[in-house]
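Enquirer: File structure.json follows (JSON, N, CA, C and O atoms):
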[["chain", "number", "residue", "atom", "x", "y", "z"],
["A", 1, "MET", "N", -23.34, -33.40, 5.25],
["A", 1, "MET", "CA", -22.91, -32.34, 6.13],
["A", 1, "MET", "C", -21.47, -32.59, 6.52],
["A", 1, "MET", "O", -21.13, -33.64, 7.03],
["A", 2, "THR", "N", -20.62, -31.63, 6.28],
["A", 2, "THR", "CA", -19.21, -31.80, 6.63],
["A", 2, "THR", "C", -18.88, -30.92, 7.83],
["A", 2, "THR", "O", -19.42, -29.84, 7.99],
["A", 3, "HIS", "N", -18.02, -31.43, 8.64],
["A", 3, "HIS", "CA", -17.56, -30.68, 9.81],
["A", 3, "HIS", "C", -16.12, -30.25, 9.57],
["A", 3, "HIS", "O", -15.29, -31.07, 9.19],
["A", 4, "SER", "N", -15.86, -29.02, 9.81],
["A", 4, "SER", "CA", -14.48, -28.57, 9.69],
["A", 4, "SER", "C", -13.85, -28.54, 11.07],
["A", 4, "SER", "O", -14.53, -28.42, 12.09],
["A", 5, "ALA", "N", -12.56, -28.66, 11.09],
["A", 5, "ALA", "CA", -11.83, -28.65, 12.36],
["A", 5, "ALA", "C", -11.90, -27.25, 12.96],
["A", 5, "ALA", "O", -11.94, -26.26, 12.24],
["A", 6, "PRO", "N", -11.94, -27.16, 14.28],
["A", 6, "PRO", "CA", -11.95, -25.82, 14.90],
["A", 6, "PRO", "C", -10.66, -25.09, 14.59],
["A", 6, "PRO", "O", -9.62, -25.71, 14.34],
["A", 7, "PRO", "N", -10.71, -23.77, 14.54],
["A", 7, "PRO", "CA", -9.49, -23.03, 14.23],
["A", 7, "PRO", "C", -8.43, -23.29, 15.29],
["A", 7, "PRO", "O", -8.72, -23.39, 16.48],
["A", 8, "THR", "N", -7.21, -23.44, 14.83],
["A", 8, "THR", "CA", -6.11, -23.70, 15.76],
["A", 8, "THR", "C", -5.63, -22.39, 16.36],
["A", 8, "THR", "O", -5.71, -21.33, 15.74],
["A", 9, "GLU", "N", -5.13, -22.47, 17.57],
["A", 9, "GLU", "CA", -4.60, -21.28, 18.22],
["A", 9, "GLU", "C", -3.27, -20.91, 17.60],
["A", 9, "GLU", "O", -2.51, -21.76, 17.17],
["A", 10, "ASP", "N", -3.00, -19.63, 17.59],
["A", 10, "ASP", "CA", -1.70, -19.17, 17.12],
["A", 10, "ASP", "C", -0.74, -19.29, 18.29],
["A", 10, "ASP", "O", -0.83, -18.56, 19.27],
["A", 11, "ARG", "N", 0.17, -20.21, 18.20],
["A", 11, "ARG", "CA", 1.13, -20.43, 19.29],
["A", 11, "ARG", "C", 2.49, -19.81, 18.99],
["A", 11, "ARG", "O", 3.50, -20.24, 19.51],
["A", 12, "THR", "N", 2.48, -18.81, 18.15],
["A", 12, "THR", "CA", 3.72, -18.11, 17.84],
["A", 12, "THR", "C", 4.13, -17.29, 19.05],
["A", 12, "THR", "O", 3.32, -16.56, 19.61],
["A", 13, "PRO", "N", 5.40, -17.38, 19.48],
["A", 13, "PRO", "CA", 5.84, -16.57, 20.62],
["A", 13, "PRO", "C", 5.77, -15.08, 20.32],
["A", 13, "PRO", "O", 5.61, -14.66, 19.18],
["A", 14, "ALA", "N", 5.92, -14.28, 21.36],
["A", 14, "ALA", "CA", 5.79, -12.83, 21.23],
["A", 14, "ALA", "C", 6.78, -12.25, 20.23],
["A", 14, "ALA", "O", 6.53, -11.23, 19.62],
["A", 15, "GLY", "N", 7.92, -12.89, 20.01],
["A", 15, "GLY", "CA", 8.91, -12.40, 19.06],
["A", 15, "GLY", "C", 8.51, -12.60, 17.62],
["A", 15, "GLY", "O", 9.16, -12.09, 16.71],
["A", 16, "GLY", "N", 7.44, -13.35, 17.36],
["A", 16, "GLY", "CA", 6.96, -13.53, 16.01],
["A", 16, "GLY", "C", 7.58, -14.70, 15.27],
["A", 16, "GLY", "O", 7.34, -14.89, 14.10],
["A", 17, "ARG", "N", 8.36, -15.52, 15.96],
["A", 17, "ARG", "CA", 8.99, -16.66, 15.30],
["A", 17, "ARG", "C", 8.54, -17.94, 15.99],
["A", 17, "ARG", "O", 8.58, -18.05, 17.20],
["A", 18, "GLY", "N", 8.12, -18.89, 15.19],
["A", 18, "GLY", "CA", 7.75, -20.19, 15.73],
["A", 18, "GLY", "C", 8.96, -21.09, 15.82],
["A", 18, "GLY", "O", 10.04, -20.77, 15.32],
["A", 19, "PRO", "N", 8.82, -22.27, 16.45],
["A", 19, "PRO", "CA", 9.97, -23.16, 16.62],
["A", 19, "PRO", "C", 10.51, -23.72, 15.31],
["A", 19, "PRO", "O", 11.69, -24.04, 15.22],
["A", 20, "ASP", "N", 9.68, -23.83, 14.28],
["A", 20, "ASP", "CA", 10.15, -24.37, 13.01],
["A", 20, "ASP", "C", 10.26, -23.29, 11.93],
["A", 20, "ASP", "O", 10.23, -23.58, 10.74],
["A", 21, "ASP", "N", 10.40, -22.05, 12.33],
["A", 21, "ASP", "CA", 10.50, -20.93, 11.39],
["A", 21, "ASP", "C", 11.94, -20.81, 10.91],
["A", 21, "ASP", "O", 12.87, -20.69, 11.72],
["A", 22, "ASP", "N", 12.15, -20.85, 9.60],
["A", 22, "ASP", "CA", 13.50, -20.78, 9.04],
["A", 22, "ASP", "C", 13.96, -19.36, 8.75],
["A", 22, "ASP", "O", 15.10, -19.15, 8.34],
["A", 23, "ARG", "N", 13.09, -18.38, 8.95],
["A", 23, "ARG", "CA", 13.49, -17.00, 8.69],
["A", 23, "ARG", "C", 14.52, -16.54, 9.71],
["A", 23, "ARG", "O", 14.43, -16.92, 10.87],
["A", 24, "PRO", "N", 15.48, -15.71, 9.30],
["A", 24, "PRO", "CA", 16.43, -15.19, 10.29],
["A", 24, "PRO", "C", 15.75, -14.21, 11.23],
["A", 24, "PRO", "O", 14.73, -13.62, 10.89],
["A", 25, "ALA", "N", 16.30, -14.07, 12.41],
["A", 25, "ALA", "CA", 15.75, -13.12, 13.38],
["A", 25, "ALA", "C", 15.89, -11.71, 12.84],
["A", 25, "ALA", "O", 16.79, -11.40, 12.07],
["A", 26, "ARG", "N", 14.98, -10.84, 13.24],
["A", 26, "ARG", "CA", 15.07, -9.45, 12.81],
["A", 26, "ARG", "C", 16.36, -8.84, 13.35],
["A", 26, "ARG", "O", 16.71, -9.06, 14.50],
["A", 27, "PRO", "N", 17.04, -8.04, 12.54],
["A", 27, "PRO", "CA", 18.35, -7.54, 12.94],
["A", 27, "PRO", "C", 18.33, -6.42, 13.96],
["A", 27, "PRO", "O", 19.37, -6.00, 14.42],
["A", 28, "GLY", "N", 17.20, -5.89, 14.33],
["A", 28, "GLY", "CA", 17.16, -4.79, 15.30],
["A", 28, "GLY", "C", 15.78, -4.19, 15.38],
["A", 28, "GLY", "O", 14.78, -4.85, 15.11],
["A", 29, "LEU", "N", 15.73, -2.92, 15.72],
["A", 29, "LEU", "CA", 14.47, -2.21, 15.85],
["A", 29, "LEU", "C", 14.10, -1.57, 14.51],
["A", 29, "LEU", "O", 14.91, -0.90, 13.89],
["A", 30, "LEU", "N", 12.86, -1.77, 14.10],
["A", 30, "LEU", "CA", 12.39, -1.20, 12.84],
["A", 30, "LEU", "C", 12.18, 0.30, 13.02],
["A", 30, "LEU", "O", 11.38, 0.74, 13.84],
["A", 31, "MET", "N", 12.95, 1.11, 12.29],
["A", 31, "MET", "CA", 12.85, 2.56, 12.37],
["A", 31, "MET", "C", 11.85, 3.11, 11.36],
["A", 31, "MET", "O", 11.29, 4.17, 11.56],
["A", 32, "GLY", "N", 11.63, 2.39, 10.30],
["A", 32, "GLY", "CA", 10.71, 2.83, 9.27],
["A", 32, "GLY", "C", 11.00, 2.11, 7.98],
["A", 32, "GLY", "O", 11.75, 1.14, 7.94],
["A", 33, "ARG", "N", 10.40, 2.61, 6.92],
["A", 33, "ARG", "CA", 10.62, 2.02, 5.59],
["A", 33, "ARG", "C", 11.03, 3.11, 4.63],
["A", 33, "ARG", "O", 10.45, 4.19, 4.62],
["A", 34, "LEU", "N", 12.03, 2.82, 3.83],
["A", 34, "LEU", "CA", 12.52, 3.74, 2.82],
["A", 34, "LEU", "C", 12.26, 3.11, 1.46],
["A", 34, "LEU", "O", 12.87, 2.09, 1.12],
["A", 35, "PHE", "N", 11.32, 3.65, 0.72],
["A", 35, "PHE", "CA", 10.90, 3.11, -0.57],
["A", 35, "PHE", "C", 10.46, 1.65, -0.44],
["A", 35, "PHE", "O", 10.74, 0.81, -1.28],
["A", 36, "GLY", "N", 9.79, 1.34, 0.67],
["A", 36, "GLY", "CA", 9.28, -0.01, 0.89],
["A", 36, "GLY", "C", 10.28, -0.97, 1.50],
["A", 36, "GLY", "O", 9.94, -2.11, 1.79],
["A", 37, "VAL", "N", 11.51, -0.55, 1.69],
["A", 37, "VAL", "CA", 12.55, -1.41, 2.26],
["A", 37, "VAL", "C", 12.63, -1.11, 3.76],
["A", 37, "VAL", "O", 12.84, 0.03, 4.15],
["A", 38, "PRO", "N", 12.49, -2.14, 4.60],
["A", 38, "PRO", "CA", 12.54, -1.89, 6.05],
["A", 38, "PRO", "C", 13.95, -1.46, 6.49],
["A", 38, "PRO", "O", 14.95, -2.00, 6.02],
["A", 39, "VAL", "N", 13.99, -0.47, 7.36],
["A", 39, "VAL", "CA", 15.26, 0.03, 7.89],
["A", 39, "VAL", "C", 15.32, -0.31, 9.37],
["A", 39, "VAL", "O", 14.47, 0.13, 10.15],
["A", 40, "TYR", "N", 16.31, -1.13, 9.73],
["A", 40, "TYR", "CA", 16.48, -1.57, 11.11],
["A", 40, "TYR", "C", 17.71, -0.91, 11.72],
["A", 40, "TYR", "O", 18.68, -0.63, 11.03],
["A", 41, "VAL", "N", 17.64, -0.67, 13.03],
["A", 41, "VAL", "CA", 18.77, -0.12, 13.78],
["A", 41, "VAL", "C", 19.05, -1.06, 14.93],
["A", 41, "VAL", "O", 18.13, -1.41, 15.69],
["A", 42, "SER", "N", 20.29, -1.45, 15.08],
["A", 42, "SER", "CA", 20.68, -2.30, 16.18],
["A", 42, "SER", "C", 20.60, -1.51, 17.48],
["A", 42, "SER", "O", 20.97, -0.33, 17.51],
["A", 43, "PRO", "N", 20.14, -2.11, 18.55],
["A", 43, "PRO", "CA", 20.05, -1.38, 19.83],
["A", 43, "PRO", "C", 21.38, -0.81, 20.30],
["A", 43, "PRO", "O", 21.42, 0.17, 21.02],
["A", 44, "SER", "N", 22.49, -1.39, 19.88],
["A", 44, "SER", "CA", 23.80, -0.88, 20.31],
["A", 44, "SER", "C", 24.08, 0.51, 19.73],
["A", 44, "SER", "O", 24.90, 1.25, 20.28],
["A", 45, "TRP", "N", 23.40, 0.90, 18.67],
["A", 45, "TRP", "CA", 23.62, 2.23, 18.10],
["A", 45, "TRP", "C", 23.14, 3.33, 19.03],
["A", 45, "TRP", "O", 23.62, 4.46, 18.98],
["A", 46, "PHE", "N", 22.20, 3.03, 19.89],
["A", 46, "PHE", "CA", 21.76, 4.03, 20.87],
["A", 46, "PHE", "C", 22.89, 4.32, 21.86],
["A", 46, "PHE", "O", 23.08, 5.46, 22.27],
["A", 47, "LEU", "N", 23.65, 3.30, 22.22],
["A", 47, "LEU", "CA", 24.82, 3.50, 23.08],
["A", 47, "LEU", "C", 25.86, 4.35, 22.37],
["A", 47, "LEU", "O", 26.45, 5.26, 22.96],
["A", 48, "VAL", "N", 26.08, 4.09, 21.09],
["A", 48, "VAL", "CA", 27.03, 4.88, 20.30],
["A", 48, "VAL", "C", 26.57, 6.34, 20.25],
["A", 48, "VAL", "O", 27.38, 7.26, 20.41],
["A", 49, "ALA", "N", 25.29, 6.58, 20.06],
["A", 49, "ALA", "CA", 24.77, 7.95, 20.00],
["A", 49, "ALA", "C", 24.98, 8.67, 21.32],
["A", 49, "ALA", "O", 25.37, 9.85, 21.33],
["A", 50, "VAL", "N", 24.79, 7.98, 22.44],
["A", 50, "VAL", "CA", 25.02, 8.60, 23.75],
["A", 50, "VAL", "C", 26.50, 8.93, 23.93],
["A", 50, "VAL", "O", 26.86, 10.02, 24.39],
["A", 51, "LEU", "N", 27.38, 8.02, 23.56],
["A", 51, "LEU", "CA", 28.82, 8.26, 23.70],
["A", 51, "LEU", "C", 29.29, 9.43, 22.85],
["A", 51, "LEU", "O", 30.07, 10.27, 23.31],
["A", 52, "VAL", "N", 28.82, 9.53, 21.62],
["A", 52, "VAL", "CA", 29.20, 10.65, 20.74],
["A", 52, "VAL", "C", 28.68, 11.96, 21.31],
["A", 52, "VAL", "O", 29.37, 12.98, 21.32],
["A", 53, "THR", "N", 27.46, 11.94, 21.83],
["A", 53, "THR", "CA", 26.88, 13.15, 22.43],
["A", 53, "THR", "C", 27.72, 13.62, 23.62],
["A", 53, "THR", "O", 28.02, 14.81, 23.74],
["A", 54, "VAL", "N", 28.11, 12.71, 24.48],
["A", 54, "VAL", "CA", 28.91, 13.05, 25.65],
["A", 54, "VAL", "C", 30.30, 13.54, 25.23],
["A", 54, "VAL", "O", 30.83, 14.51, 25.79],
["A", 55, "MET", "N", 30.88, 12.91, 24.22],
["A", 55, "MET", "CA", 32.23, 13.29, 23.77],
["A", 55, "MET", "C", 32.26, 14.71, 23.20],
["A", 55, "MET", "O", 33.24, 15.43, 23.40],
["A", 56, "PHE", "N", 31.24, 15.12, 22.50],
["A", 56, "PHE", "CA", 31.23, 16.44, 21.86],
["A", 56, "PHE", "C", 30.51, 17.51, 22.69],
["A", 56, "PHE", "O", 30.36, 18.64, 22.23],
["A", 57, "GLU", "N", 30.10, 17.17, 23.90],
["A", 57, "GLU", "CA", 29.38, 18.11, 24.74],
["A", 57, "GLU", "C", 30.21, 19.38, 25.00],
["A", 57, "GLU", "O", 29.70, 20.49, 24.91],
["A", 58, "GLY", "N", 31.49, 19.23, 25.30],
["A", 58, "GLY", "CA", 32.34, 20.39, 25.60],
["A", 58, "GLY", "C", 32.50, 21.31, 24.41],
["A", 58, "GLY", "O", 32.46, 22.54, 24.55],
["A", 59, "GLN", "N", 32.68, 20.75, 23.22],
["A", 59, "GLN", "CA", 32.83, 21.57, 22.02],
["A", 59, "GLN", "C", 31.56, 22.34, 21.71],
["A", 59, "GLN", "O", 31.60, 23.52, 21.38],
["A", 60, "VAL", "N", 30.43, 21.69, 21.83],
["A", 60, "VAL", "CA", 29.15, 22.35, 21.55],
["A", 60, "VAL", "C", 28.90, 23.44, 22.59],
["A", 60, "VAL", "O", 28.47, 24.55, 22.24],
["A", 61, "ASP", "N", 29.20, 23.16, 23.85],
["A", 61, "ASP", "CA", 29.01, 24.15, 24.90],
["A", 61, "ASP", "C", 29.91, 25.36, 24.64],
["A", 61, "ASP", "O", 29.47, 26.52, 24.83],
["A", 62, "GLY", "N", 31.13, 25.16, 24.19],
["A", 62, "GLY", "CA", 32.04, 26.27, 23.89],
["A", 62, "GLY", "C", 31.53, 27.14, 22.75],
["A", 62, "GLY", "O", 31.62, 28.37, 22.79],
["A", 63, "VAL", "N", 30.99, 26.53, 21.71],
["A", 63, "VAL", "CA", 30.48, 27.28, 20.56],
["A", 63, "VAL", "C", 29.21, 28.03, 20.94],
["A", 63, "VAL", "O", 29.04, 29.19, 20.57],
["A", 64, "VAL", "N", 28.33, 27.39, 21.68],
["A", 64, "VAL", "CA", 27.06, 28.02, 22.04],
["A", 64, "VAL", "C", 27.26, 29.15, 23.03],
["A", 64, "VAL", "O", 26.61, 30.18, 22.96],
["A", 65, "SER", "N", 28.21, 29.00, 23.97],
["A", 65, "SER", "CA", 28.38, 30.04, 25.00],
["A", 65, "SER", "C", 29.07, 31.28, 24.45],
["A", 65, "SER", "O", 28.99, 32.34, 25.05],
["A", 66, "ARG", "N", 29.73, 31.22, 23.30],
["A", 66, "ARG", "CA", 30.38, 32.38, 22.69],
["A", 66, "ARG", "C", 29.37, 33.35, 22.07],
["A", 66, "ARG", "O", 29.68, 34.46, 21.79],
["A", 67, "ARG", "N", 28.22, 32.89, 21.80],
["A", 67, "ARG", "CA", 27.24, 33.72, 21.09],
["A", 67, "ARG", "C", 26.55, 34.66, 22.02],
["A", 67, "ARG", "O", 26.32, 34.76, 23.05]]
Written as structure tokens, that's how I'd like the structure from this file.
Expert:
Amino acid sequence: MTHSAPPTEDRTPAGGRGPDDDRPARPGLLMGRLFGVPVYVSPSWFLVAVLVTVMFEGQVDGVVSRR
């Protein structure tokens, strides 16, 4: 009769990387997959999107109000 060791707990932190993990950190937020290739977006791009939206607000308002 052989005894196997009890299953070990997964002590991986919430980020998914252990202390001896050689993989690089994920580059950002996973937006989806394109043909099986993961597409990541850096969180700073959301700031860029807000700035562009604010910058062009006047032009869009001018075009929309003419109609």
Enquirer: Quick one: distance from CA of Ser44 (chain A) to CA of Pro27 (chain A) in Å, one decimal?
Expert: 11.3 Å
Enquirer: Between CA of Met55 (chain A) and atom O of Pro43 (chain A), what distance in Å does the model show, to one decimal?
Expert: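 Calculated distance between CA of Met55 (chain A) and atom O of Pro43 (chain A) is 17.2 Å.
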Enquirer: For a test of reading the model, state the distance in Å between CA of Leu47 (chain A) and CA of Ala25 (chain A), rounded to one decimal.
Expert: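 Straight-line distance from CA of Leu47 (chain A) to CA of Ala25 (chain A) works out to 21.3 Å.
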Enquirer: From a DSSP calculation on the backbone, collect every residue of region 14-59 of chain A in strand (DSSP E or B) and output the set as JSON, numbers by chain.
Expert: {"A": [29, 30, 31, 32, 33, 34, 37, 38, 39, 40, 41]}
Enquirer: Measuring between all atoms listed in the file, which one of A:Gln59, A:Ser65, A:Thr53, A:Arg26 shows the shortest distance to Tyr40 (chain A)?
Expert: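 The shortest atom-to-atom distance to Tyr40 (chain A) comes from A:Arg26.
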Enquirer: Using all atoms of region 23-41 of chain A listed in the file and a margin of 5 Å per side, can you give the axis-aligned box centre and edge lengths in Å to one decimal, as lines of an AutoDock Vina configuration file?
Expert:
center_x = 14.3
center_y = -7.1
center_z = 7.3
size_x = 20.1
size_y = 32.6
size_z = 27.1
Enquirer: Quick one: residues within 8 Å of Val41 (chain A), only C-alpha atoms counted, chain neighbours fewer than 4 positions away excluded, as a list in words?
Expert: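 So the residues in contact are Pro27, Gly28, Leu29, Leu30, Met31 and Trp45 of chain A.
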